[in-house]
$ cat model-v1.txt   # compact mmCIF, C-alpha atoms and all ligand atoms
# COMPACT_ATOMS: atom_id res chain seq x y z
CA MET A 1 -40.98 -26.71 58.63
CA ALA A 2 -42.57 -23.58 57.20
CA THR A 3 -44.33 -22.39 60.32
CA SER A 4 -43.52 -22.83 63.96
CA LEU A 5 -46.01 -24.94 65.86
CA ALA A 6 -45.49 -22.94 69.01
CA GLY A 7 -46.47 -19.82 67.06
CA ASN A 8 -49.56 -21.57 65.85
CA LEU A 9 -50.68 -22.50 69.31
CA LYS A 10 -52.56 -19.31 69.88
CA ARG A 11 -55.76 -19.39 71.87
CA VAL A 12 -58.65 -17.11 71.02
CA VAL A 13 -58.06 -15.31 74.28
CA GLY A 14 -54.43 -14.50 73.46
CA MET A 15 -55.16 -10.98 72.18
CA PRO A 16 -54.30 -7.37 73.05
CA LEU A 17 -55.54 -5.95 76.35
CA VAL A 18 -58.59 -4.22 74.87
CA ALA A 19 -59.69 -7.43 73.25
CA VAL A 20 -59.10 -9.35 76.46
CA LEU A 21 -61.17 -6.84 78.40
CA PHE A 22 -63.86 -6.98 75.78
CA SER A 23 -63.92 -10.79 75.86
CA PHE A 24 -63.99 -10.62 79.63
CA ILE A 25 -67.08 -8.39 79.67
CA PHE A 26 -68.61 -10.33 76.81
CA PHE A 27 -67.93 -13.65 78.50
CA PHE A 28 -69.67 -12.64 81.70
CA THR A 29 -72.64 -11.05 80.03
CA ILE A 30 -73.45 -13.51 77.24
CA PRO A 31 -71.44 -16.62 78.11
CA SER A 32 -73.13 -18.89 75.59
CA CYS A 33 -71.89 -16.82 72.62
CA VAL A 34 -68.13 -17.10 72.96
CA SER A 35 -66.54 -20.16 71.47
CA GLN A 36 -63.98 -21.80 73.73
CA LEU A 37 -62.50 -24.00 71.02
CA THR A 38 -58.73 -23.81 70.87
CA ARG A 39 -57.79 -21.94 67.74
CA LEU A 40 -54.68 -22.69 65.70
CA GLU A 41 -53.54 -20.91 62.58
CA HIS A 42 -51.80 -22.00 59.43
CA GLN A 43 -50.42 -19.78 56.68
CA VAL A 44 -51.60 -20.25 53.11
CA LYS A 45 -49.04 -20.36 50.28
CA ASP A 46 -47.84 -17.12 48.65
CA ASP A 47 -50.41 -17.57 45.88
CA GLY A 48 -53.19 -17.84 48.47
CA SER A 49 -53.78 -21.56 47.98
CA LEU A 50 -53.52 -24.51 50.31
CA SER A 51 -52.96 -28.21 49.75
CA LEU A 52 -53.05 -31.09 52.14
CA LEU A 53 -53.47 -34.82 52.57
CA VAL A 54 -56.01 -36.66 54.71
CA VAL A 55 -55.33 -40.15 56.07
CA GLY A 56 -57.07 -42.18 58.76
CA ASP A 57 -56.97 -45.48 60.63
CA TRP A 58 -53.28 -46.09 60.13
CA GLY A 59 -50.93 -46.94 63.04
CA ARG A 60 -49.88 -50.58 62.55
CA ARG A 61 -46.08 -50.35 62.67
CA GLY A 62 -46.01 -50.23 58.87
CA HIS A 63 -48.01 -53.45 58.40
CA PHE A 64 -51.09 -53.94 56.22
CA ASN A 65 -49.57 -51.70 53.53
CA GLN A 66 -49.27 -48.72 55.87
CA THR A 67 -45.71 -48.24 54.59
CA ILE A 68 -46.76 -48.37 50.94
CA VAL A 69 -49.58 -45.89 51.50
CA ALA A 70 -47.08 -43.70 53.40
CA SER A 71 -44.62 -43.67 50.53
CA GLN A 72 -47.34 -42.73 48.04
CA MET A 73 -48.45 -39.98 50.39
CA GLY A 74 -44.86 -38.80 50.26
CA ARG A 75 -44.87 -38.78 46.45
CA ILE A 76 -48.26 -37.02 46.07
CA GLY A 77 -47.39 -34.73 48.99
CA LYS A 78 -44.30 -33.58 47.08
CA GLU A 79 -46.24 -33.15 43.82
CA LEU A 80 -48.83 -30.96 45.54
CA ASP A 81 -46.31 -29.25 47.83
CA ILE A 82 -48.63 -29.90 50.76
CA ASP A 83 -48.93 -27.53 53.69
CA PHE A 84 -50.07 -30.06 56.26
CA VAL A 85 -51.61 -33.47 56.86
CA ILE A 86 -54.90 -34.24 58.59
CA SER A 87 -55.30 -37.50 60.48
CA THR A 88 -58.91 -38.58 61.01
CA GLY A 89 -58.04 -40.75 64.02
CA ASP A 90 -57.44 -44.37 65.01
CA ASN A 91 -53.84 -43.32 65.06
CA PHE A 92 -52.49 -46.35 66.94
CA TYR A 93 -53.84 -49.90 66.77
CA ASP A 94 -55.19 -51.85 68.44
CA ASP A 95 -55.53 -49.95 71.68
CA GLY A 96 -54.05 -46.47 71.24
CA LEU A 97 -50.88 -45.58 73.12
CA LYS A 98 -49.99 -47.09 76.50
CA GLY A 99 -48.55 -43.74 77.59
CA PRO A 100 -46.52 -40.84 76.21
CA HIS A 101 -43.39 -43.03 76.16
CA ASP A 102 -44.97 -45.89 74.21
CA PRO A 103 -42.55 -46.82 71.37
CA ALA A 104 -45.59 -47.35 69.11
CA PHE A 105 -45.63 -43.59 68.57
CA GLU A 106 -42.32 -43.71 66.72
CA GLU A 107 -42.82 -47.17 65.24
CA SER A 108 -46.20 -46.33 63.71
CA PHE A 109 -45.77 -42.63 63.00
CA THR A 110 -42.22 -41.20 62.94
CA GLU A 111 -40.61 -44.24 61.32
CA VAL A 112 -43.38 -44.76 58.75
CA TYR A 113 -44.16 -41.28 57.39
CA THR A 114 -40.54 -40.48 56.58
CA ALA A 115 -40.85 -38.66 53.23
CA ASN A 116 -39.63 -35.07 53.11
CA SER A 117 -42.97 -33.77 51.93
CA LEU A 118 -44.67 -35.23 55.02
CA GLN A 119 -42.44 -33.31 57.45
CA LYS A 120 -45.27 -30.85 58.01
CA PRO A 121 -47.74 -30.40 60.88
CA TRP A 122 -50.11 -33.35 61.35
CA TYR A 123 -53.41 -32.06 62.71
CA THR A 124 -54.94 -35.03 64.42
CA VAL A 125 -58.07 -36.15 66.24
CA LEU A 126 -58.65 -39.25 68.35
CA GLY A 127 -60.54 -42.32 67.15
CA ASN A 128 -62.32 -45.00 69.18
CA HIS A 129 -59.22 -47.23 69.17
CA ASP A 130 -57.18 -44.35 70.59
CA TYR A 131 -59.67 -44.13 73.46
CA ARG A 132 -59.03 -47.81 74.26
CA GLY A 133 -55.53 -46.90 75.42
CA ASP A 134 -54.21 -43.84 77.22
CA ALA A 135 -56.11 -41.18 75.26
CA VAL A 136 -54.57 -38.37 77.29
CA ALA A 137 -51.08 -39.50 76.21
CA GLN A 138 -51.77 -38.59 72.57
CA LEU A 139 -52.58 -35.04 73.65
CA ASP A 140 -49.38 -34.77 75.71
CA PRO A 141 -47.07 -31.96 74.50
CA PHE A 142 -44.19 -34.35 75.25
CA LEU A 143 -44.95 -36.12 71.96
CA ARG A 144 -44.02 -32.93 70.10
CA LYS A 145 -40.54 -33.28 71.57
CA VAL A 146 -40.34 -36.76 70.07
CA ASP A 147 -41.79 -35.66 66.72
CA SER A 148 -42.52 -31.98 66.23
CA ARG A 149 -45.14 -32.67 63.51
CA TRP A 150 -47.62 -34.13 65.98
CA LEU A 151 -50.56 -31.92 66.94
CA CYS A 152 -53.40 -33.84 68.52
CA LEU A 153 -56.20 -32.17 70.46
CA ARG A 154 -59.68 -33.40 71.25
CA SER A 155 -61.54 -30.58 69.49
CA PHE A 156 -60.08 -27.44 67.95
CA MET A 157 -60.21 -25.14 64.99
CA LEU A 158 -57.52 -24.53 62.43
CA ASP A 159 -57.84 -21.17 60.75
CA THR A 160 -56.34 -20.33 57.39
CA GLU A 161 -57.01 -17.30 55.21
CA ILE A 162 -59.28 -19.25 52.85
CA ALA A 163 -60.70 -22.10 54.93
CA THR A 164 -61.35 -23.06 58.52
CA PHE A 165 -61.14 -26.67 59.67
CA PHE A 166 -63.17 -27.61 62.74
CA PHE A 167 -61.91 -30.78 64.42
CA VAL A 168 -64.48 -32.60 66.54
CA ASP A 169 -63.95 -35.34 69.13
CA THR A 170 -66.64 -37.79 67.97
CA THR A 171 -65.93 -40.93 70.05
CA PRO A 172 -67.83 -39.77 73.18
CA PHE A 173 -70.97 -39.33 71.04
CA VAL A 174 -71.27 -43.03 70.34
CA ASP A 175 -73.53 -44.84 72.83
CA LYS A 176 -72.24 -48.36 72.35
CA TYR A 177 -68.75 -47.55 73.67
CA TYR A 178 -70.37 -46.82 77.02
CA THR A 179 -72.14 -50.17 77.20
CA GLU A 180 -69.96 -52.74 75.45
CA LYS A 181 -68.21 -55.16 77.76
CA SER A 182 -65.42 -56.29 75.43
CA HIS A 183 -63.38 -53.08 75.60
CA THR A 184 -62.61 -50.33 78.05
CA TYR A 185 -62.31 -46.68 77.12
CA ASP A 186 -60.32 -43.87 78.67
CA TRP A 187 -63.05 -41.38 79.52
CA ARG A 188 -60.84 -39.19 81.71
CA ASP A 189 -61.48 -35.50 80.99
CA VAL A 190 -64.63 -36.22 78.95
CA SER A 191 -66.83 -37.01 81.94
CA PRO A 192 -69.55 -36.36 82.82
CA ARG A 193 -70.51 -37.27 79.29
CA ARG A 194 -73.66 -35.16 78.89
CA ALA A 195 -71.95 -31.97 80.01
CA TYR A 196 -68.91 -32.68 77.85
CA LEU A 197 -71.00 -33.22 74.71
CA ALA A 198 -73.26 -30.25 75.40
CA ASN A 199 -70.23 -27.96 75.80
CA LEU A 200 -68.55 -29.35 72.74
CA LEU A 201 -71.64 -28.81 70.58
CA LYS A 202 -72.11 -25.31 71.95
CA ASP A 203 -68.46 -24.39 71.30
CA LEU A 204 -68.60 -25.82 67.80
CA GLU A 205 -71.85 -24.06 66.99
CA ASN A 206 -70.49 -20.73 68.21
CA ALA A 207 -67.23 -21.18 66.34
CA LEU A 208 -69.06 -22.05 63.12
CA ARG A 209 -71.46 -19.17 63.51
CA GLU A 210 -68.69 -16.65 64.22
CA SER A 211 -66.63 -17.86 61.29
CA SER A 212 -66.72 -15.88 58.07
CA SER A 213 -64.37 -18.31 56.36
CA ARG A 214 -64.95 -19.04 52.67
CA TRP A 215 -64.78 -22.77 53.25
CA LYS A 216 -65.93 -24.52 56.41
CA ILE A 217 -64.65 -28.04 56.76
CA VAL A 218 -65.49 -30.24 59.74
CA VAL A 219 -63.27 -33.20 60.60
CA GLY A 220 -64.15 -36.07 62.94
CA HIS A 221 -63.23 -39.72 63.33
CA HIS A 222 -66.69 -41.23 62.90
CA ALA A 223 -68.65 -40.94 59.68
CA ILE A 224 -71.97 -39.16 59.53
CA ARG A 225 -72.74 -41.00 56.28
CA SER A 226 -71.00 -44.18 55.19
CA ALA A 227 -71.66 -47.36 53.27
CA GLY A 228 -68.76 -49.13 54.98
CA THR A 229 -68.76 -51.67 57.82
CA HIS A 230 -69.89 -49.19 60.48
CA GLY A 231 -72.29 -47.26 58.27
CA ASP A 232 -74.00 -44.01 59.30
CA THR A 233 -73.46 -42.82 62.87
CA GLU A 234 -76.95 -42.12 64.20
CA GLU A 235 -75.72 -40.10 67.19
CA LEU A 236 -73.91 -37.70 64.83
CA ILE A 237 -76.90 -37.45 62.50
CA GLN A 238 -78.96 -36.49 65.49
CA HIS A 239 -76.63 -34.13 67.37
CA LEU A 240 -73.91 -32.89 65.02
CA LEU A 241 -75.45 -32.76 61.55
CA PRO A 242 -78.13 -30.13 62.33
CA ILE A 243 -75.38 -27.73 63.45
CA LEU A 244 -73.38 -28.34 60.28
CA LYS A 245 -76.44 -27.81 58.09
CA ALA A 246 -77.41 -24.58 59.85
CA ASN A 247 -73.93 -23.09 59.48
CA ASP A 248 -73.06 -23.60 55.82
CA VAL A 249 -70.50 -26.34 56.28
CA ASP A 250 -69.08 -27.46 52.93
CA LEU A 251 -67.40 -30.74 53.80
CA TYR A 252 -67.49 -33.33 56.56
CA VAL A 253 -64.30 -35.40 56.57
CA ASN A 254 -63.88 -38.60 58.60
CA GLY A 255 -62.22 -41.99 58.95
CA HIS A 256 -63.49 -45.00 60.98
CA ASP A 257 -64.60 -47.09 58.02
CA HIS A 258 -61.47 -48.50 56.39
CA CYS A 259 -62.28 -47.29 52.93
CA LEU A 260 -62.36 -44.25 50.69
CA GLU A 261 -65.73 -42.78 49.86
CA HIS A 262 -67.61 -39.70 48.75
CA ILE A 263 -71.30 -39.27 49.55
CA SER A 264 -73.21 -36.12 48.64
CA SER A 265 -76.50 -34.82 50.06
CA HIS A 266 -79.87 -34.00 48.56
CA ASP A 267 -80.93 -31.66 51.37
CA SER A 268 -77.79 -29.53 51.83
CA PRO A 269 -74.50 -28.77 50.04
CA ILE A 270 -72.52 -30.92 52.53
CA GLN A 271 -70.26 -33.57 51.03
CA TYR A 272 -69.27 -36.53 53.19
CA LEU A 273 -65.71 -37.69 52.58
CA THR A 274 -64.27 -40.80 54.22
CA SER A 275 -60.51 -41.30 54.32
CA GLY A 276 -59.95 -44.19 56.72
CA ALA A 277 -57.78 -46.45 54.60
CA GLY A 278 -54.28 -45.77 55.93
CA SER A 279 -53.49 -49.44 56.58
CA LYS A 280 -55.79 -52.45 57.04
CA ALA A 281 -58.66 -52.42 54.53
CA TRP A 282 -60.54 -54.80 52.24
CA ARG A 283 -63.37 -55.53 54.66
CA GLY A 284 -65.61 -56.75 51.86
CA ASP A 285 -68.90 -55.82 53.49
CA THR A 286 -70.05 -52.70 51.69
CA LYS A 287 -73.66 -51.76 52.43
CA LYS A 288 -76.24 -50.87 49.84
CA TYR A 289 -76.59 -47.11 49.86
CA ASP A 290 -78.87 -44.53 48.28
CA GLU A 291 -77.54 -44.28 44.70
CA ARG A 292 -78.61 -40.66 44.36
CA VAL A 293 -75.99 -39.57 46.88
CA MET A 294 -73.31 -42.27 46.60
CA LYS A 295 -70.59 -40.79 44.39
CA PHE A 296 -67.65 -43.09 45.06
CA PHE A 297 -66.75 -46.06 47.23
CA TYR A 298 -63.48 -47.98 47.35
CA ASP A 299 -62.95 -50.81 49.80
CA GLY A 300 -59.11 -50.79 49.66
CA GLN A 301 -56.21 -48.75 51.01
CA GLY A 302 -55.34 -45.17 50.16
CA PHE A 303 -55.71 -41.57 51.16
CA MET A 304 -57.24 -38.27 50.08
CA SER A 305 -55.68 -35.05 48.85
CA MET A 306 -57.28 -31.64 48.86
CA GLN A 307 -56.35 -28.44 47.05
CA LEU A 308 -58.05 -25.22 48.04
CA THR A 309 -58.17 -21.65 46.75
CA SER A 310 -60.60 -18.95 47.80
CA THR A 311 -62.90 -20.01 44.95
CA ASN A 312 -62.25 -23.74 44.42
CA VAL A 313 -61.87 -26.95 46.33
CA GLU A 314 -60.65 -30.08 44.60
CA VAL A 315 -60.65 -33.45 46.31
CA LEU A 316 -58.82 -36.50 44.97
CA PHE A 317 -58.83 -40.05 46.29
CA HIS A 318 -55.64 -42.06 45.76
CA ASP A 319 -55.16 -45.81 46.12
CA VAL A 320 -52.19 -47.70 47.60
CA LEU A 321 -50.22 -46.98 44.41
CA GLY A 322 -51.10 -43.30 44.45
CA GLU A 323 -53.39 -43.65 41.40
CA VAL A 324 -56.32 -41.23 41.32
CA LEU A 325 -59.56 -43.20 41.72
CA HIS A 326 -62.03 -40.33 42.08
CA ARG A 327 -61.93 -36.58 41.61
CA TRP A 328 -64.46 -34.00 42.74
CA LYS A 329 -64.39 -30.25 42.42
CA VAL A 330 -66.57 -27.44 43.68
CA SER A 331 -66.46 -23.69 43.04
CA LYS A 332 -67.76 -20.73 44.96
CA ASP A 333 -68.16 -17.35 43.37
CA LEU A 334 -65.91 -14.73 45.01
CA HIS A 335 -68.86 -12.41 45.61
CA SER A 336 -71.27 -14.95 46.99
CA SER A 337 -72.13 -14.28 50.58
CA ILE A 338 -71.46 -17.02 53.05
C1 LIG B 401 -51.22 -54.32 49.64
O1 LIG B 401 -51.36 -53.74 48.37
C2 LIG B 401 -51.15 -54.66 47.30
C3 LIG B 401 -51.17 -53.88 46.00
O2 LIG B 401 -52.42 -53.31 45.76
C4 LIG B 401 -52.23 -55.73 47.38
O3 LIG B 401 -52.02 -56.67 46.35
C5 LIG B 401 -52.16 -56.43 48.73
O4 LIG B 401 -53.23 -57.34 48.86
C6 LIG B 401 -52.25 -55.40 49.85
N1 LIG B 401 -52.02 -56.06 51.13
C7 LIG B 401 -52.86 -55.96 52.16
C8 LIG B 401 -52.45 -56.67 53.40
O5 LIG B 401 -53.90 -55.32 52.13
$ encode --input "model-v1.txt" --output "structure tokens" --more "lines below"
Ligand SMILES: *[C@@H]1O[C@H](CO)[C@@H](O)[C@H](O)[C@H]1NC(C)=O
Amino acid sequence: MATSLAGNLKRVVGMPLVAVLFSFIFFFTIPSCVSQLTRLEHQVKDDGSLSLLVVGDWGRRGHFNQTIVASQMGRIGKELDIDFVISTGDNFYDDGLKGPHDPAFEESFTEVYTANSLQKPWYTVLGNHDYRGDAVAQLDPFLRKVDSRWLCLRSFMLDTEIATFFFVDTTPFVDKYYTEKSHTYDWRDVSPRRAYLANLLKDLENALRESSSRWKIVVGHHAIRSAGTHGDTEELIQHLLPILKANDVDLYVNGHDHCLEHISSHDSPIQYLTSGAGSKAWRGDTKKYDERVMKFFYDGQGFMSMQLTSTNVEVLFHDVLGEVLHRWKVSKDLHSSI
């Protein structure tokens, strides 16, 4: 592995004494302006670029083509010499992990994503299915002893020289999980809900505002925009989207709907990218969507790759055979202010 995970686990507050003192004073004078999001770092390649894969909604012990998607991720991952993988959540079906010692962790992760190119950090968020089990278990550092690639936190930021990725815990935003009778959710550490969400939004907003990164990419499990089974998530449109729009976010990346899709916007530069097709797909119930913004929709299995430089981002969607189904590229002038 190119970088040590322990080295990456550096909190914003882990700075020299002067900085600590400064943060201390700052924190007690203007508390609402310091982001408390855990901050990780990842090195870019020697040429200043970065490449990665994004997969979501996968853990089914290799079934439903998870293994085939995994092997194609391995092939494309090698071709692109990827730096890391992002998982958009719903890591373990049907009901998350039972605990940190649940064999599903190895059966659905370690023993499936075996390719050399995938032996990189996996930056991961939780999905609604993960919350149906022991959600805290997936955050347990013990899992890194089982498989050192695993890095799952509720919300955090991943800083690189050319882009910052903001990972957001979206499940507690969704009202229906708090009322539905058919499932139970592990709300430990995210209660009381209102305070948790208010803090999360404040931390995210501060982190986005403080960031001078060339590319700002937000990752969550639930879609903001989607033509799949679940469709748009109203709670995120209401609470999360205004913050993304106000802070020059380039991409919102999610899973949840078991498909691959790219939706653009007519009122902001934000592109909505769904990669939630890591195993079971083919739902066959695509919704009609505004054709002016719908760029690409694929109901089947696959994953997304992303290549970034300080001036370009290229996104590719790959199917279960690794074939490129859709390609999208955006450029930003080096001198443009952010
Ligand atoms: C797995 O992928 C193959 C090849 O595209 C496809 O024919 C098959 O239906 C898929 N199986 C499932 C369970 O989705």
$ residues_near_ligand --input "model-v1.txt" --ligand "ligand LIG 401 (chain B)" --cutoff "7 Å" --atoms "all atoms listed in the file" --output "list in words"
Phe64, Asn65, Lys280, Ala281, Trp282, Val320 and Leu321 of chain A
$ write_last_selection --input "model-v1.txt" --atoms "C-alpha atoms" --output "mmCIF file, in the coordinates of the input"
data_model
loop_
_atom_site.group_PDB
_atom_site.id
_atom_site.type_symbol
_atom_site.label_atom_id
_atom_site.label_comp_id
_atom_site.auth_asym_id
_atom_site.auth_seq_id
_atom_site.Cartn_x
_atom_site.Cartn_y
_atom_site.Cartn_z
ATOM 1 C CA PHE A 64 -51.090 -53.940 56.220
ATOM 2 C CA ASN A 65 -49.570 -51.700 53.530
ATOM 3 C CA LYS A 280 -55.790 -52.450 57.040
ATOM 4 C CA ALA A 281 -58.660 -52.420 54.530
ATOM 5 C CA TRP A 282 -60.540 -54.800 52.240
ATOM 6 C CA VAL A 320 -52.190 -47.700 47.600
ATOM 7 C CA LEU A 321 -50.220 -46.980 44.410
#
$ closest_residue --input "model-v1.txt" --among "A:Gln36, A:Gln271, A:Thr124, A:Gln138" --to "Ile217 (chain A)" --atoms "only C-alpha atoms"
A:Gln271
$ closest_residue --input "model-v1.txt" --among "A:Ile68, A:Met294, A:Leu97, A:Val168" --to "Asp134 (chain A)" --atoms "all atoms listed in the file"
A:Leu97
$ residues_near_point --input "model-v1.txt" --point "(-42.9, -44.8, 64.5)" --cutoff "12 Å" --atoms "only C-alpha atoms" --output "VMD selection string"
chain A and resid 58 to 63 66 to 67 70 91 to 92 97 101 to 114 143 146 to 147 150
$ closest_residue --input "model-v1.txt" --among "A:Val218, A:Ile243, A:Val174, A:Val69" --to "Gly300 (chain A)" --atoms "all atoms listed in the file"
A:Val69
$ residues_around --input "model-v1.txt" --residues "Ala135 (chain A)" --least-positions-apart "5" --cutoff "7 Å" --atoms "all atoms listed in the file" --output "list of chain:residue names"
A:Gly96, A:Asp130, A:Asp186
$ atom_distance --input "model-v1.txt" --atom1 "CA of Ala223 (chain A)" --atom2 "CA of Gly278 (chain A)"
15.6 Å
$ atom_distance --input "model-v1.txt" --atom1 "CA of Val55 (chain A)" --atom2 "CA of Thr274 (chain A)"
9.2 Å
$ closest_residue --input "model-v1.txt" --among "A:Gln119, A:Thr171, A:Thr160, A:Ser331" --to "Val44 (chain A)" --atoms "only C-alpha atoms"
A:Thr160
$ residues_near_point --input "model-v1.txt" --point "(-78.6, -33.5, 66.6)" --cutoff "12 Å" --atoms "only C-alpha atoms" --output "number ranges by chain"
A: 173, 197-198, 201-202, 205, 224, 233-246
$ atom_distance --input "model-v1.txt" --atom1 "CA of Thr179 (chain A)" --atom2 "CA of Asn254 (chain A)"
23.4 Å
$ closest_residue --input "model-v1.txt" --among "A:Thr164, A:Asp250, A:Val54, A:Leu37" --to "Ser212 (chain A)" --atoms "all atoms listed in the file"
A:Thr164
$ closest_residue --input "model-v1.txt" --among "A:Gly56, A:Gly77, A:Pro192, A:Pro141" --to "Leu126 (chain A)" --atoms "all atoms listed in the file"
A:Gly56
